[in-house]
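J.: data_33.txt (compact mmCIF, C-alpha atoms) pasted underneath:
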# COMPACT_ATOMS: atom_id res chain seq x y z
CA MET A 533 33.01 -127.31 50.10
CA PRO A 534 32.16 -125.00 47.32
CA ALA A 535 35.62 -123.41 47.69
CA GLU A 536 37.34 -126.76 47.16
CA SER A 537 35.29 -127.54 44.16
CA TYR A 538 36.17 -124.15 42.77
CA ILE A 539 39.96 -124.79 43.25
CA TYR A 540 39.77 -128.22 41.70
CA GLU A 541 37.42 -127.19 38.98
CA ASP A 542 39.70 -124.52 37.75
CA GLY A 543 43.18 -126.01 37.06
CA ASP A 544 44.79 -122.56 36.90
CA GLU A 545 45.15 -122.28 40.63
CA GLU A 546 46.74 -125.66 40.93
CA ALA A 547 49.18 -124.67 38.20
CA GLU A 548 49.86 -121.41 39.99
CA LEU A 549 50.50 -123.30 43.23
CA GLU A 550 52.89 -125.60 41.38
CA PHE A 551 54.61 -122.59 39.84
CA LEU A 552 54.98 -121.04 43.30
CA ARG A 553 56.49 -124.30 44.64
CA GLU A 554 58.96 -124.42 41.76
CA SER A 555 59.81 -120.75 42.26
CA LEU A 556 60.32 -121.36 45.98
CA GLU A 557 62.58 -124.31 45.18
CA GLN A 558 64.58 -122.19 42.72
CA MET A 559 64.86 -119.42 45.34
CA ASP A 560 66.08 -121.97 47.89
CA ASN A 561 68.67 -123.20 45.38
CA LEU A 562 69.76 -119.62 44.63
CA THR A 563 69.92 -118.88 48.36
CA ASP A 564 72.09 -121.96 48.92
CA LYS A 565 74.39 -121.01 46.03
CA THR A 566 74.59 -117.39 47.26
CA THR A 567 75.37 -118.60 50.78
CA GLN A 568 78.10 -120.88 49.43
CA LEU A 569 79.51 -118.06 47.33
CA LEU A 570 79.51 -115.71 50.33
CA LYS A 571 81.27 -118.37 52.42
CA VAL A 572 83.94 -118.68 49.70
CA PHE A 573 84.30 -114.86 49.66
CA ASP A 574 84.56 -114.85 53.45
CA ILE A 575 87.32 -117.47 53.37
CA ARG A 576 89.15 -115.59 50.63
CA LEU A 577 88.84 -112.29 52.53
CA LYS A 578 90.21 -113.91 55.67
CA ASN A 579 93.14 -115.32 53.67
CA LEU A 580 93.69 -111.93 52.07
CA GLY A 581 93.63 -110.34 55.52
CA ARG A 582 96.27 -112.78 56.73
CA ILE A 583 98.39 -111.99 53.68
CA ILE A 584 97.97 -108.22 53.92
CA ALA A 585 98.50 -107.90 57.70
CA PRO A 586 102.32 -108.34 57.57
CA ILE A 587 102.53 -106.07 54.53
CA TYR A 588 100.50 -103.42 56.37
CA LYS A 589 102.74 -103.71 59.44
CA SER A 590 105.83 -103.43 57.24
CA THR A 591 104.34 -100.41 55.51
CA GLN A 592 103.69 -98.78 58.89
CA LYS A 593 107.30 -99.44 59.90
CA LEU A 594 108.57 -98.04 56.62
CA THR A 595 106.40 -94.95 57.02
CA ARG A 596 107.70 -94.43 60.56
CA LEU A 597 111.29 -94.90 59.33
CA TYR A 598 110.69 -92.45 56.48
CA ASP A 599 109.28 -89.87 58.90
CA ASN A 600 112.25 -90.36 61.24
CA ILE A 601 114.71 -90.02 58.37
CA GLU A 602 112.97 -86.86 57.13
CA ALA A 603 113.07 -85.35 60.63
CA THR A 604 116.74 -86.30 61.00
CA MET A 605 117.59 -84.79 57.63
CA GLY A 606 115.79 -81.58 58.57
CA THR A 607 117.73 -81.40 61.83
CA LEU A 608 120.99 -82.10 60.02
CA ASP A 609 120.22 -79.33 57.52
CA ASP A 610 119.67 -76.95 60.43
CA ILE A 611 122.94 -78.05 62.05
CA LEU A 612 124.87 -77.75 58.80
CA LEU A 613 123.71 -74.15 58.48
CA PHE A 614 125.66 -73.39 61.66
CA PHE A 615 128.82 -74.78 60.04
CA ASN A 616 128.44 -72.28 57.17
CA VAL A 617 127.66 -69.19 59.25
CA ALA A 618 131.31 -68.13 59.50
CA LYS A 619 131.72 -68.23 55.73
CA ASP A 620 128.38 -66.45 55.18
CA GLU A 621 129.07 -63.65 57.67
CA ALA A 622 132.83 -63.15 57.15
CA ALA A 623 132.46 -60.42 54.50
CA THR A 624 130.04 -58.41 56.63
CA ILE A 625 132.21 -58.67 59.75
CA HIS A 626 135.47 -57.83 57.94
CA ALA A 627 133.82 -54.83 56.23
CA GLY A 628 132.97 -53.43 59.66
CA PRO A 629 129.81 -51.69 60.79
CA ASP A 630 128.19 -49.00 58.67
CA GLU A 631 127.63 -45.96 60.87
CA SER A 632 124.37 -45.14 59.13
CA GLU A 633 123.02 -48.71 59.06
CA LEU A 634 124.11 -50.65 62.15
CA LEU A 635 121.30 -53.26 62.29
CA PRO A 636 122.60 -55.58 59.52
CA TYR A 637 125.96 -55.73 61.28
CA LEU A 638 124.32 -56.49 64.64
CA ASP A 639 122.16 -59.17 62.96
CA SER A 640 125.32 -60.73 61.56
CA ILE A 641 126.88 -60.80 65.04
CA ASN A 642 123.69 -62.34 66.47
CA ARG A 643 123.76 -65.11 63.83
CA LEU A 644 127.40 -65.80 64.73
CA LYS A 645 126.53 -65.95 68.43
CA ASP A 646 123.56 -68.29 67.80
CA ALA A 647 125.79 -70.56 65.71
CA SER A 648 128.47 -70.50 68.39
CA ASP A 649 125.94 -71.47 71.07
CA ALA A 650 124.48 -74.26 68.93
CA LEU A 651 127.87 -75.71 68.00
CA ARG A 652 128.99 -75.56 71.63
CA GLN A 653 125.89 -77.55 72.64
CA LEU A 654 126.53 -80.14 69.92
CA ASP A 655 130.09 -80.63 71.17
CA LEU A 656 131.21 -82.31 67.95
CA GLU A 657 134.89 -82.66 67.11
CA SER A 658 134.04 -81.92 63.49
CA ALA A 659 132.71 -78.52 64.57
CA ALA A 660 135.97 -77.40 66.18
CA GLN A 661 137.22 -75.52 63.10
CA SER A 662 133.85 -73.84 62.58
CA ARG A 663 133.70 -72.84 66.26
CA LYS A 664 137.20 -71.39 65.98
CA GLU A 665 136.28 -69.37 62.86
CA ILE A 666 133.08 -68.14 64.49
CA HIS A 667 134.87 -67.08 67.68
CA GLU A 668 137.47 -65.22 65.63
CA LEU A 669 134.76 -63.40 63.67
CA LEU A 670 132.95 -62.56 66.92
CA ARG A 671 136.19 -61.16 68.36
CA ILE A 672 136.73 -59.03 65.24
CA GLY A 673 133.06 -57.96 65.07
CA LEU A 674 132.86 -56.95 68.70
CA GLY A 675 136.19 -55.14 68.40
CA ASN A 676 134.84 -53.21 65.39
CA LEU A 677 131.72 -52.26 67.37
CA SER A 678 133.85 -51.16 70.30
CA GLN A 679 135.94 -48.95 68.01
CA LEU A 680 132.80 -47.44 66.46
CA PHE A 681 131.24 -46.73 69.86
CA ASN A 682 134.52 -45.15 71.10
CA GLN A 683 134.62 -43.02 67.94
CA TRP A 684 131.02 -41.88 68.49
CA LEU A 685 131.77 -41.15 72.14
CA LYS A 686 134.75 -38.96 71.22
CA GLN A 687 132.78 -37.17 68.51
CA HIS A 688 129.74 -36.41 70.64
CA SER A 689 131.28 -35.62 74.00
CA GLY A 690 132.87 -32.33 74.74
CA GLY A 691 136.10 -31.81 76.58
CA ILE A 692 136.07 -31.18 80.28
CA ASP A 693 137.78 -28.13 81.70
CA PRO A 694 139.21 -29.22 85.07
CA ALA A 695 139.50 -25.59 86.18
CA ALA A 696 135.71 -25.28 85.98
CA TYR A 697 135.35 -28.00 88.59
CA VAL A 698 138.13 -26.69 90.83
CA ASN A 699 136.68 -23.17 91.08
CA ALA A 700 133.15 -24.35 91.62
In structure tokens, how does this file's structure come out?

T.:
Amino acid sequence: MPAESYIYEDGDEEAELEFLRESLEQMDNLTDKTTQLLKVFDIRLKNLGRIIAPIYKSTQKLTRLYDNIEATMGTLDDILLFFNVAKDEAATIHAGPDESELLPYLDSINRLKDASDALRQLDLESAAQSRKEIHELLRIGLGNLSQLFNQWLKQHSGGIDPAAYVNA
């Protein structure tokens, strides 16, 4: 019993106990208010999620459409280059091959052939004129190469004396 008499004799401890009870009650009230606030936030977040979900799906669709359009435009740019090859290579082909520098001329013919192959695979009616121009340039270019090779062959091959083969 001396401990009880000590607690009751000194009113400070009873006041401290009362203070602790009041603090606990305030903490319970704050906990309840915080819980209610978190529930309100949870409800609002769920509503926001429901609102944002269709927007997110639409954004994904738009992104996919944008990527598809970009890829299509890139492919179209590549295809359109084939339509311009005849115009781009015409000057080189009409000038004929340079005997000292044959590679640029051969590169030009290769670009024409690649364009011809690509346009043939596309099989577009709108490409008919370009295919015709490319085929004409290829005919001219290959004819020029044939003439150059015949000229080189004549220059670098000696004549044959048939009598040398008859007497041998």

J.: Using only C-alpha atoms, which protein or nucleic acid residues come within 10 Å of A:Glu631? Drop anything in the same chain fewer than 5 positions from it, and give the result as a ChimeraX atom specification.

T.: /A:637,677,680-681,684

J.: Any idea what's packed within 10 Å of A:His667, counting all atoms listed in the file, ignoring anything in its chain fewer than 5 positions away? Could you give it as a PyMOL selection string?

T.: chain A and resi 618+644-645+647-648+661-662+672-673

J.: Name all residues at most 12 Å from A:Phe614 (count all atoms listed in the file; drop same-chain ones fewer than 3 positions away) and give them as an MDAnalysis selection string.

T.: chainID A and resid 607:611 617:621 643:654 659:663 665:666

J.: Between atom CA of A:Ile625 and atom CA of A:Leu670, what is the distance, to one decimal in Å?

T.: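 Computing the Euclidean distance for atom CA of A:Ile625 and atom CA of A:Leu670 yields 8.2 Å.
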
J.: Calculate how many Å separate atom CA of A:Asn676 from atom CA of A:His626, rounding to one decimal.

T.: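 Distance reported for this atom pair: 8.8 Å.
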
J.: At what distance in Å, to one decimal, does atom CA of A:His688 lie from atom CA of A:Leu635?

T.: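 Answer for the atom CA of A:Leu635 to atom CA of A:His688 separation: 20.6 Å.
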
J.: Counting all atoms listed in the file, which residue out of A:Lys664, A:Leu674, A:Thr563, A:Leu597 sits closest to A:Leu638?

T.: A:Leu674

J.: What box, with edges along x, y and z, holds each listed atom of stretch 579-596 of chain A when 3 Å is added on every side, and can you state its centre and edge lengths in Å to one decimal, as JSON?

T.:
{"center_x": 100.9, "center_y": -104.9, "center_z": 56.3, "size_x": 21.4, "size_y": 26.9, "size_z": 14.5}

J.: Return the single residue from A:Pro694, A:Leu656, A:Glu602, A:Gln679 that is closest to A:Pro629, with distances computed using only C-alpha atoms.

T.: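 Going through A:Pro694, A:Leu656, A:Glu602, A:Gln679 one by one, the smallest distance to A:Pro629 is for A:Gln679.
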